[in-house]
>>> print(open('final11.cif').read())   # mmCIF, C-alpha atoms
data_my_file
#
loop_
_atom_site.label_atom_id
_atom_site.label_comp_id
_atom_site.auth_asym_id
_atom_site.auth_seq_id
_atom_site.Cartn_x
_atom_site.Cartn_y
_atom_site.Cartn_z
CA MET A 1 -98.28 87.27 61.37
CA ARG A 2 -99.22 89.95 58.86
CA ILE A 3 -102.09 92.42 58.90
CA THR A 4 -104.83 91.02 56.66
CA GLY A 5 -108.44 91.83 55.96
CA GLU A 6 -109.51 88.75 57.91
CA LEU A 7 -107.50 89.87 60.95
CA LEU A 8 -108.98 93.38 60.79
CA ARG A 9 -112.52 92.04 60.58
CA ARG A 10 -111.94 89.70 63.49
CA GLN A 11 -110.46 92.42 65.71
CA ALA A 12 -113.07 94.99 64.73
CA GLY A 13 -116.05 92.72 65.37
CA ASP A 14 -118.69 91.46 62.98
CA ASN A 15 -120.96 94.47 63.48
CA GLU A 16 -118.40 97.09 62.45
CA GLU A 17 -117.92 98.48 58.95
CA LEU A 18 -114.15 98.64 58.39
CA SER A 19 -114.45 101.72 56.17
CA ASN A 20 -115.97 103.66 59.09
CA LEU A 21 -113.89 102.09 61.87
CA GLN A 22 -112.25 104.69 64.15
CA GLU A 23 -110.34 102.51 66.62
CA ILE A 24 -108.71 99.10 66.44
CA ALA A 25 -106.48 97.12 68.81
CA LEU A 26 -103.83 94.95 67.17
CA HIS A 27 -101.49 94.57 70.13
CA GLN A 28 -99.79 91.33 71.21
CA LEU A 29 -100.55 89.54 67.95
CA HIS A 30 -96.93 88.90 66.89
CA ILE A 31 -97.40 91.20 63.88
CA GLU A 32 -94.22 91.47 61.80
CA GLY A 33 -95.06 94.46 59.62
CA ILE A 34 -97.62 97.14 58.77
CA ASP A 35 -99.29 96.22 55.49
CA GLY A 36 -101.01 98.60 53.09
CA VAL A 37 -104.32 96.80 53.59
CA LEU A 38 -104.67 98.65 56.91
CA GLY A 39 -104.91 102.06 55.26
CA GLN A 40 -107.01 100.75 52.38
CA MET A 41 -109.66 99.07 54.52
CA CYS A 42 -109.64 101.40 57.56
CA PRO A 43 -108.94 104.92 56.21
CA ARG A 44 -110.87 106.68 58.99
CA LEU A 45 -108.94 105.28 61.94
CA ARG A 46 -108.36 107.71 64.82
CA VAL A 47 -106.74 105.30 67.31
CA LEU A 48 -104.34 102.53 66.26
CA LEU A 49 -102.85 100.25 68.92
CA LEU A 50 -99.93 98.15 67.70
CA GLN A 51 -97.86 97.79 70.87
CA ASP A 52 -96.02 94.61 71.86
CA ASN A 53 -95.46 93.17 68.40
CA VAL A 54 -92.27 92.71 66.32
CA ILE A 55 -92.77 95.53 63.78
CA PRO A 56 -89.33 96.65 62.49
CA LYS A 57 -90.35 99.65 60.37
CA LEU A 58 -92.87 102.49 60.19
CA GLU A 59 -94.56 102.19 56.79
CA ASN A 60 -97.90 102.19 54.93
CA LEU A 61 -99.52 104.69 57.30
CA HIS A 62 -99.81 107.63 54.88
CA ARG A 63 -103.52 106.95 54.16
CA LEU A 64 -104.52 107.48 57.81
CA LYS A 65 -105.23 111.23 57.55
CA GLU A 66 -107.52 111.24 60.62
CA LEU A 67 -105.20 109.26 62.92
CA ASN A 68 -104.83 110.97 66.33
CA TYR A 69 -103.08 108.33 68.44
CA LEU A 70 -100.50 105.80 67.32
CA ASN A 71 -99.07 103.34 69.85
CA LEU A 72 -96.05 101.35 68.69
CA ALA A 73 -94.43 100.68 72.07
CA LEU A 74 -92.42 97.47 72.51
CA ASN A 75 -91.64 96.83 68.86
CA ASN A 76 -88.38 96.61 66.87
CA ILE A 77 -88.43 100.09 65.30
CA THR A 78 -85.03 101.71 64.74
CA LEU A 79 -86.00 104.84 62.76
CA VAL A 80 -88.83 107.36 62.91
CA GLU A 81 -90.00 107.81 59.32
CA ASN A 82 -92.95 107.78 56.90
CA LEU A 83 -95.38 109.55 59.23
CA GLU A 84 -95.67 112.78 57.24
CA GLY A 85 -99.04 111.68 55.83
CA CYS A 86 -100.58 111.34 59.30
CA GLU A 87 -101.67 114.98 59.35
CA SER A 88 -103.90 114.71 62.43
CA LEU A 89 -101.43 112.81 64.63
CA ARG A 90 -101.40 114.22 68.17
CA LYS A 91 -99.87 111.42 70.26
CA LEU A 92 -97.06 109.07 69.25
CA ASP A 93 -95.85 106.33 71.61
CA LEU A 94 -92.56 104.66 70.66
CA THR A 95 -91.63 103.45 74.15
CA ALA A 96 -89.05 100.62 74.42
CA ASN A 97 -88.00 100.39 70.78
CA PHE A 98 -84.47 100.56 69.35
CA ILE A 99 -84.26 104.16 68.11
CA ALA A 100 -80.62 105.26 68.48
CA ASP A 101 -80.30 108.04 65.91
CA ILE A 102 -82.09 110.99 67.50
CA LYS A 103 -81.81 113.04 64.30
CA CYS A 104 -84.44 110.85 62.63
CA LEU A 105 -87.00 112.62 64.85
CA SER A 106 -86.69 115.65 62.59
CA SER A 107 -88.98 113.78 60.15
CA LEU A 108 -91.83 114.71 62.52
CA LYS A 109 -91.49 118.44 61.83
CA GLY A 110 -94.33 118.27 59.32
CA ASN A 111 -96.72 116.76 61.88
CA HIS A 112 -97.91 120.15 63.14
CA ASN A 113 -100.63 118.69 65.37
CA LEU A 114 -98.24 116.41 67.29
CA ARG A 115 -98.40 117.24 71.00
CA GLN A 116 -97.16 114.16 72.88
CA LEU A 117 -94.10 112.01 72.13
CA PHE A 118 -92.93 109.02 74.15
CA LEU A 119 -89.42 107.62 73.65
CA ILE A 120 -88.65 106.11 77.07
CA GLY A 121 -86.54 102.97 76.78
CA ASN A 122 -84.87 103.86 73.46
CA PRO A 123 -81.07 104.14 73.19
CA CYS A 124 -81.34 107.78 72.09
CA THR A 125 -82.59 108.78 75.53
CA GLN A 126 -79.03 108.30 76.85
CA LEU A 127 -77.68 111.09 74.68
CA PRO A 128 -76.63 114.41 76.28
CA TYR A 129 -79.17 117.14 75.69
CA TYR A 130 -81.64 114.52 74.42
CA ARG A 131 -84.64 116.45 75.71
CA ASN A 132 -83.34 119.85 74.62
CA PHE A 133 -82.72 118.62 71.09
CA ILE A 134 -86.30 117.34 70.73
CA ILE A 135 -87.71 120.61 72.10
CA SER A 136 -85.74 122.69 69.62
CA CYS A 137 -86.42 120.30 66.71
CA LEU A 138 -90.16 119.82 67.38
CA PRO A 139 -91.51 123.06 68.86
CA GLN A 140 -95.12 121.90 68.41
CA LEU A 141 -94.70 119.35 71.27
CA VAL A 142 -96.31 119.94 74.67
CA GLU A 143 -95.03 116.80 76.44
CA ILE A 144 -92.00 114.53 76.07
CA ASP A 145 -92.15 111.16 77.84
CA GLY A 146 -95.18 112.34 79.80
CA ILE A 147 -93.41 115.43 81.21
CA GLU A 148 -94.71 118.81 80.20
CA ILE A 149 -92.27 121.16 78.45
CA THR A 150 -91.72 124.34 80.45
CA PRO A 151 -91.06 127.83 78.99
CA SER A 152 -87.57 127.84 80.50
CA GLU A 153 -86.75 124.57 78.70
CA ARG A 154 -87.79 126.12 75.41
CA ILE A 155 -85.54 129.11 75.97
CA LEU A 156 -82.58 126.89 76.94
CA ALA A 157 -83.13 124.65 73.93
CA SER A 158 -83.20 127.58 71.50
CA GLN A 159 -79.97 128.98 72.98
CA SER A 160 -78.04 125.72 72.86
CA THR A 161 -78.99 124.42 69.42
CA ALA A 162 -75.46 124.76 67.97
CA SER A 163 -73.76 123.07 70.91
CA ILE A 164 -76.32 120.26 70.93
CA ASP A 165 -75.62 119.50 67.28
CA SER A 166 -71.88 119.24 67.87
CA ILE A 167 -72.32 116.99 70.90
CA LEU A 168 -74.70 114.72 69.00
CA CYS A 169 -72.21 114.31 66.17
CA SER A 170 -69.52 113.16 68.59
CA THR A 171 -71.67 110.79 70.66
CA GLU A 172 -74.04 109.26 68.15
CA SER A 173 -71.77 106.39 67.14
CA SER A 174 -71.07 105.34 70.72
CA CYS A 175 -74.77 105.39 71.47
CA ASN A 176 -75.49 103.09 68.55
CA ALA A 177 -72.87 100.65 69.83
CA GLU A 178 -74.33 100.37 73.32
CA PRO A 179 -77.87 99.02 73.65
CA LEU A 180 -79.93 100.41 76.48
CA ARG A 181 -80.90 96.97 77.85
CA SER A 182 -78.30 94.21 77.90
CA GLY A 183 -79.45 91.19 75.85
CA ASP A 184 -82.51 93.00 74.52
CA THR A 185 -82.17 93.18 70.73
CA PRO A 186 -84.62 93.07 67.82
CA GLU A 187 -83.50 89.51 67.11
CA SER A 188 -84.06 88.34 70.69
CA ARG A 189 -87.52 89.92 70.74
CA LYS A 190 -88.47 88.24 67.49
CA THR A 191 -87.27 84.89 68.82
CA LEU A 192 -89.29 85.41 71.99
CA HIS A 193 -92.42 86.32 70.04
CA LEU A 194 -92.05 83.25 67.81
CA HIS A 195 -91.77 81.08 70.90
CA LEU A 196 -94.83 82.69 72.50
CA GLU A 197 -96.81 82.37 69.27
CA GLN A 198 -95.96 78.66 69.11
CA ILE A 199 -97.14 78.16 72.68
CA GLN A 200 -100.37 80.04 71.98
CA ASN A 201 -101.01 77.95 68.88
CA GLU A 202 -100.49 74.73 70.84
CA VAL A 203 -102.89 75.88 73.56
CA GLU A 204 -105.48 76.88 70.95
CA LEU A 205 -105.07 73.52 69.20
CA LYS A 206 -105.75 71.67 72.45
CA ARG A 207 -108.73 73.89 73.20
CA ASN A 208 -110.22 73.57 69.70
CA PRO A 209 -108.84 70.40 68.11
CA PRO A 210 -109.43 70.05 64.37
CA PRO A 211 -112.04 67.53 63.23
CA HIS A 212 -110.75 64.06 62.56
CA PRO A 213 -109.95 63.65 58.87
CA SER A 214 -112.41 61.47 57.07
CA GLU A 215 -111.27 58.03 56.06
CA PRO A 216 -109.66 57.87 52.62
CA PRO A 217 -112.04 56.74 49.89
CA ALA A 218 -112.04 53.02 49.39
CA ILE A 219 -110.32 51.71 46.27
CA THR A 220 -113.22 50.12 44.40
CA PHE A 221 -111.60 49.34 41.05
CA ARG A 222 -108.41 47.54 40.17
CA PRO A 223 -105.98 49.11 37.66
CA ASP A 224 -107.36 46.82 34.96
CA GLY A 225 -110.88 48.16 35.55
CA SER A 226 -112.31 45.11 37.36
CA ILE A 227 -114.35 45.52 40.53
CA VAL A 228 -112.79 44.94 43.95
CA GLN A 229 -115.10 43.05 46.30
CA MET A 230 -114.93 44.34 49.86
CA ASN A 231 -116.72 44.26 53.17
CA GLN A 232 -115.13 46.97 55.31
CA GLY A 233 -117.90 46.87 57.91
CA ARG A 234 -117.73 43.06 58.22
CA TRP A 235 -121.50 42.86 57.95
CA GLN A 236 -123.29 39.52 57.60
CA PHE A 237 -125.08 39.19 54.28
CA THR A 238 -126.63 36.70 51.85
CA LEU A 239 -126.89 36.96 48.08
CA GLY A 240 -129.18 34.75 46.00
CA SER A 241 -132.25 34.63 43.75
CA ASN A 242 -135.94 34.82 44.53
CA PRO A 243 -138.18 31.74 44.05
CA ALA A 244 -139.22 32.85 40.56
CA GLY A 245 -135.58 33.27 39.58
CA ASN A 246 -136.13 36.67 37.98
CA CYS A 247 -134.47 38.79 40.70
CA LEU A 248 -131.30 38.80 42.73
CA LEU A 249 -131.82 39.32 46.47
CA LEU A 250 -129.15 40.85 48.71
CA ASP A 251 -129.89 40.82 52.46
CA VAL A 252 -127.40 42.80 54.63
CA ALA A 253 -127.64 42.48 58.42
CA PHE A 254 -127.22 46.07 59.57
CA GLU A 255 -127.61 46.93 63.23
CA LYS A 256 -131.20 47.47 64.25
CA TYR A 257 -130.63 50.99 65.57
CA MET A 258 -128.42 52.29 62.73
CA ASP A 259 -130.03 55.42 61.25
CA THR A 260 -131.23 54.75 57.72
CA SER A 261 -129.92 58.18 56.66
CA LEU A 262 -126.38 56.80 57.14
CA ILE A 263 -126.91 54.17 54.44
CA SER A 264 -126.54 54.80 50.71
CA VAL A 265 -126.97 52.26 47.92
CA ASP A 266 -125.48 52.41 44.43
CA CYS A 267 -126.61 49.68 42.02
CA GLN A 268 -124.92 49.14 38.69
CA PRO A 269 -125.60 46.42 36.10
CA LYS A 270 -122.61 44.33 37.20
CA TYR A 271 -122.09 45.24 40.85
CA VAL A 272 -123.72 46.76 43.91
CA ARG A 273 -122.08 49.17 46.36
CA ILE A 274 -123.51 49.93 49.83
CA THR A 275 -121.97 52.59 52.06
CA ALA A 276 -122.84 52.83 55.76
CA LYS A 277 -120.94 54.88 58.35
CA LYS A 278 -118.22 55.55 55.75
CA LYS A 279 -117.59 51.83 55.31
CA VAL A 280 -118.22 50.02 52.04
CA LEU A 281 -119.75 46.70 51.07
CA GLN A 282 -119.17 46.09 47.37
CA LEU A 283 -120.03 42.89 45.53
CA ASN A 284 -119.81 41.62 41.97
CA LEU A 285 -123.17 40.36 40.78
CA PRO A 286 -123.40 36.89 39.17
CA GLU A 287 -125.88 38.18 36.58
CA GLU A 288 -126.57 41.53 34.95
CA ILE A 289 -129.42 43.48 36.55
CA SER A 290 -131.67 46.43 35.67
CA PRO A 291 -130.82 49.10 38.31
CA GLY A 292 -133.77 51.31 37.42
CA LYS A 293 -136.25 48.58 38.34
CA GLY A 294 -134.70 47.58 41.66
CA LYS A 295 -135.86 48.47 45.14
CA ALA A 296 -134.38 48.69 48.63
CA GLU A 297 -136.18 48.05 51.91
CA ARG A 298 -135.19 48.29 55.57
CA SER A 299 -136.74 46.12 58.27
CA GLN A 300 -138.08 47.98 61.26
CA THR A 301 -137.83 44.81 63.31
CA THR A 302 -134.29 43.58 62.59
CA GLY A 303 -132.64 46.49 60.81
CA HIS A 304 -131.72 44.30 57.82
CA LEU A 305 -131.46 45.91 54.38
CA LEU A 306 -133.01 43.97 51.49
CA LEU A 307 -132.20 44.78 47.86
CA THR A 308 -134.41 43.32 45.14
CA LEU A 309 -132.56 43.53 41.81
CA PRO A 310 -134.41 42.37 38.65
CA LYS A 311 -132.29 40.38 36.21
CA VAL A 312 -131.85 41.51 32.62
CA HIS A 313 -131.79 37.96 31.24
CA PHE A 314 -134.24 35.70 33.04
CA THR A 315 -134.45 31.94 32.61
CA PRO A 316 -136.88 30.13 34.95
CA VAL A 317 -135.10 27.61 37.16
CA PRO A 318 -136.88 25.00 39.23
CA THR A 319 -136.31 25.67 42.91
CA PRO A 320 -136.23 22.96 45.57
CA ALA A 321 -138.67 23.94 48.28
CA SER A 322 -136.38 23.22 51.22
CA SER A 323 -132.91 23.77 49.72
CA THR A 324 -130.54 26.45 50.99
CA GLN A 325 -127.43 25.27 49.13
CA GLY A 326 -125.59 27.59 46.76
CA VAL A 327 -126.38 30.78 48.59
CA LEU A 328 -123.45 33.24 48.54
CA HIS A 329 -122.75 34.47 52.05
CA ASN A 330 -119.86 35.67 54.12
CA PRO A 331 -118.22 33.20 56.52
CA THR A 332 -119.73 34.85 59.60
CA ALA A 333 -123.35 34.86 58.38
CA ARG A 334 -125.69 33.46 61.01
CA GLY A 335 -128.87 33.39 58.96
CA THR A 336 -131.42 35.94 57.86
CA SER A 337 -134.82 37.11 58.95
CA THR A 338 -137.87 38.43 57.20
CA THR A 339 -137.45 42.05 56.12
CA THR A 340 -140.35 44.43 55.75
CA GLY A 341 -141.19 48.08 56.03
CA LEU A 342 -138.77 51.03 56.06
CA ALA A 343 -137.54 52.02 52.61
CA VAL A 344 -134.01 53.12 51.62
CA SER A 345 -133.18 55.17 48.50
CA LEU A 346 -131.68 53.17 45.66
CA SER A 347 -129.27 55.23 43.54
CA HIS A 348 -127.79 54.40 40.17
CA SER A 349 -126.33 56.24 37.21
CA ARG A 350 -128.74 55.25 34.47
CA THR A 351 -132.28 55.97 35.66
CA PRO A 352 -133.89 58.02 38.46
CA GLN A 353 -134.78 56.56 41.86
CA HIS A 354 -137.99 54.54 42.22
CA PRO A 355 -140.28 54.29 45.25
CA THR A 356 -140.14 51.06 47.22
CA THR A 357 -142.78 48.82 48.69
CA ALA A 358 -142.86 46.29 51.48
CA ALA A 359 -141.48 42.84 50.73
CA ALA A 360 -140.29 39.71 52.53
CA ILE A 361 -137.45 37.28 51.95
CA THR A 362 -136.17 34.22 53.79
CA THR A 363 -133.08 32.13 53.19
CA LYS A 364 -135.24 29.18 52.22
CA SER A 365 -136.36 30.97 49.05
CA LEU A 366 -132.85 31.50 47.66
CA VAL A 367 -131.60 29.44 44.71
CA PRO A 368 -128.07 28.31 43.76
CA ILE A 369 -125.57 30.85 42.40
CA PRO A 370 -122.92 29.94 39.78
CA PRO A 371 -119.81 28.53 41.53
CA ASP A 372 -117.37 30.74 39.56
CA LEU A 373 -118.26 33.88 41.55
CA PRO A 374 -114.98 35.44 42.79
CA PRO A 375 -114.29 35.26 46.52
CA LEU A 376 -114.98 38.23 48.79
CA GLU A 377 -111.98 40.43 49.57
CA ASP A 378 -111.45 42.28 52.84
CA CYS A 379 -110.29 45.88 52.23
CA GLU A 380 -109.66 47.98 55.30
#
>>> encode(input="final11.cif", output="structure tokens")
Amino acid sequence: MRITGELLRRQAGDNEELSNLQEIALHQLHIEGIDGVLGQMCPRLRVLLLQDNVIPKLENLHRLKELNYLNLALNNITLVENLEGCESLRKLDLTANFIADIKCLSSLKGNHNLRQLFLIGNPCTQLPYYRNFIISCLPQLVEIDGIEITPSERILASQSTASIDSILCSTESSCNAEPLRSGDTPESRKTLHLHLEQIQNEVELKRNPPPHPSEPPAITFRPDGSIVQMNQGRWQFTLGSNPAGNCLLLDVAFEKYMDTSLISVDCQPKYVRITAKKKVLQLNLPEEISPGKGKAERSQTTGHLLLTLPKVHFTPVPTPASSTQGVLHNPTARGTSTTTGLAVSLSHSRTPQHPTTAAAITTKSLVPIPPDLPPLEDCE
């Protein structure tokens, strides 16, 4: 993980202005580096907590002029560097890192306000005269590893500076070769953090599962441009003409308690498309219609949806009073009932929607449909 503006806002809280933020906790977040966005967005920080991450290098902290306390314990830092710009720094915690070269601490000479330094658990603490070297190198310190520096230690450190330098030169290489904790390396820590991060992500995923992806859009057109007939919801329906023969009537048997807001209708001159609960009923029409003059109605009693679609070319056809032959229906249709009442919006691409009125339709009023109508296709 990297330090980003989103992470800073989340850790700071929604009510905090980042530009005026004085303290932020970024510990145990598996952070792999200190990015410049931290200094750009939070220039007035006084307390920065970055312990227990996998940060390998001190960098991008020069903008934090007001920083008093910096905690980088339990990271993968090997050198103390790039802190000269932190002019107000008073406490620096580098506990349990991998700092072996004690001479790199001389980069803190310019931090005149530094009073407390913690290096417990670093390989450099094994060096002879480790404490005396730091006292002579950084006279501004008051405490090292939580232990106050005494006047006698300062005198001893000033008297043994030359001998300390010679001893350090002869022992530095051996110190670098021997880690303080067997098996504890920057690589092993990074591996551990990656494992922990994976576990945390899995727990978070179980706690807050992502929403189920919506079903892929139905393929409504063939490559050659023709319409694909489909009935994904397996609804019962009938398609025919009214007694006068001037309108096509489509009656779809939706469930009685299905919310009308879940149904959308799209009428085009050559086909009609109805979507309900993300499932599609799409039919070729035997005759061209005028979408702008059509209407849609929903029965409050049965839940059926009735579409009345005026034909463009109307030729009166005599209708047998009791005939029900020639009605296009799906194999599972069990009949229809009178539909009245609740209106459904009828959408199309040519003209705006029109208000609907109550109407009624029974199967006995339907007239024959041309036999060359293509069969209905099932598309899951």
>>> residues_around(input="final11.cif", residues="Tyr271 (chain A)", least_positions_apart="3", cutoff="6 Å", atoms="all atoms listed in the file", output="PyMOL selection string")
chain A and resi 268+283-285
>>> closest_residue(input="final11.cif", among="A:Leu18, A:Asn71, A:Phe314, A:Gln282", to="Glu6 (chain A)", atoms="all atoms listed in the file")
A:Leu18
>>> closest_residue(input="final11.cif", among="A:Gly33, A:Gly240, A:Pro210, A:Pro139", to="Leu117 (chain A)", atoms="all atoms listed in the file")
A:Pro139
>>> resolve_selection(input="final11.cif", expression="the PyMOL selection byres ((chain A and resi 47) around 8)", output="ChimeraX atom specification")
/A:22-24,45-46,48-49,67-70
>>> write_last_selection(input="final11.cif", atoms="C-alpha atoms", output="PDB file, keeping the file's coordinate frame")
ATOM      1  CA  GLN A  22    -112.250 104.690  64.150  1.00  0.00           C
ATOM      2  CA  GLU A  23    -110.340 102.510  66.620  1.00  0.00           C
ATOM      3  CA  ILE A  24    -108.710  99.100  66.440  1.00  0.00           C
ATOM      4  CA  LEU A  45    -108.940 105.280  61.940  1.00  0.00           C
ATOM      5  CA  ARG A  46    -108.360 107.710  64.820  1.00  0.00           C
ATOM      6  CA  LEU A  48    -104.340 102.530  66.260  1.00  0.00           C
ATOM      7  CA  LEU A  49    -102.850 100.250  68.920  1.00  0.00           C
ATOM      8  CA  LEU A  67    -105.200 109.260  62.920  1.00  0.00           C
ATOM      9  CA  ASN A  68    -104.830 110.970  66.330  1.00  0.00           C
ATOM     10  CA  TYR A  69    -103.080 108.330  68.440  1.00  0.00           C
ATOM     11  CA  LEU A  70    -100.500 105.800  67.320  1.00  0.00           C
TER      12      LEU A  70
END
>>> resolve_selection(input="final11.cif", expression="the PyMOL selection byres ((chain A and resi 149-152) around 12)", output="number ranges by chain")
A: 115-117, 131-132, 134-136, 138-148, 153-159
>>> closest_residue(input="final11.cif", among="A:Asn122, A:Ala100, A:Gln11, A:Gln232", to="His27 (chain A)", atoms="all atoms listed in the file")
A:Gln11
>>> residues_around(input="final11.cif", residues="Cys137 (chain A)", least_positions_apart="6", cutoff="12 Å", atoms="all atoms listed in the file", output="list in words")
Ile102, Lys103, Cys104, Leu105, Ser106, Ser107, Leu108, Lys109, Gly110, Asn111, Tyr129, Tyr130, Arg131, Arg154, Ala157, Ser158, Ser160, Thr161, Ala162, Ile164 and Asp165 of chain A
>>> residues_near_point(input="final11.cif", point="(-128.3, 42.0, 41.2)", cutoff="6 Å", atoms="all atoms listed in the file", output="list in words")
Leu248, Leu285, Ile289 and Leu309 of chain A
>>> residues_around(input="final11.cif", residues="Arg44 (chain A)", least_positions_apart="3", cutoff="8 Å", atoms="all atoms listed in the file", output="list in words")
Ser19, Asn20, Leu21, Gln22, Leu64, Lys65, Glu66 and Leu67 of chain A
>>> resolve_selection(input="final11.cif", expression="the PyMOL selection byres ((chain A and resi 99) around 10)", output="list in words")
Asn76, Ile77, Thr78, Leu79, Val80, Leu94, Thr95, Ala96, Asn97, Phe98, Ala100, Asp101, Ile102, Lys103, Cys104, Leu105, Leu119, Gly121, Asn122, Pro123, Cys124, Thr125, Asn176 and Pro179 of chain A
>>> atom_distance(input="final11.cif", atom1="CA of Thr4 (chain A)", atom2="CA of Phe118 (chain A)")
27.8 Å
>>> atom_distance(input="final11.cif", atom1="CA of His62 (chain A)", atom2="CA of Asp93 (chain A)")
17.2 Å
>>> atom_distance(input="final11.cif", atom1="CA of Leu38 (chain A)", atom2="CA of Arg10 (chain A)")
13.3 Å
>>> closest_residue(input="final11.cif", among="A:Gln126, A:Asn53, A:Ser88, A:Gln236", to="His112 (chain A)", atoms="all atoms listed in the file")
A:Ser88
>>> closest_residue(input="final11.cif", among="A:Gln28, A:Ser290, A:Asn113, A:Thr185", to="Pro56 (chain A)", atoms="only C-alpha atoms")
A:Thr185
>>> residues_around(input="final11.cif", residues="Lys279 (chain A)", least_positions_apart="3", cutoff="7 Å", atoms="all atoms listed in the file", output="VMD selection string")
chain A and resid 232 to 233 275 to 276
>>> closest_residue(input="final11.cif", among="A:Asp224, A:Glu32, A:Glu287, A:Glu17", to="Leu249 (chain A)", atoms="all atoms listed in the file")
A:Glu287
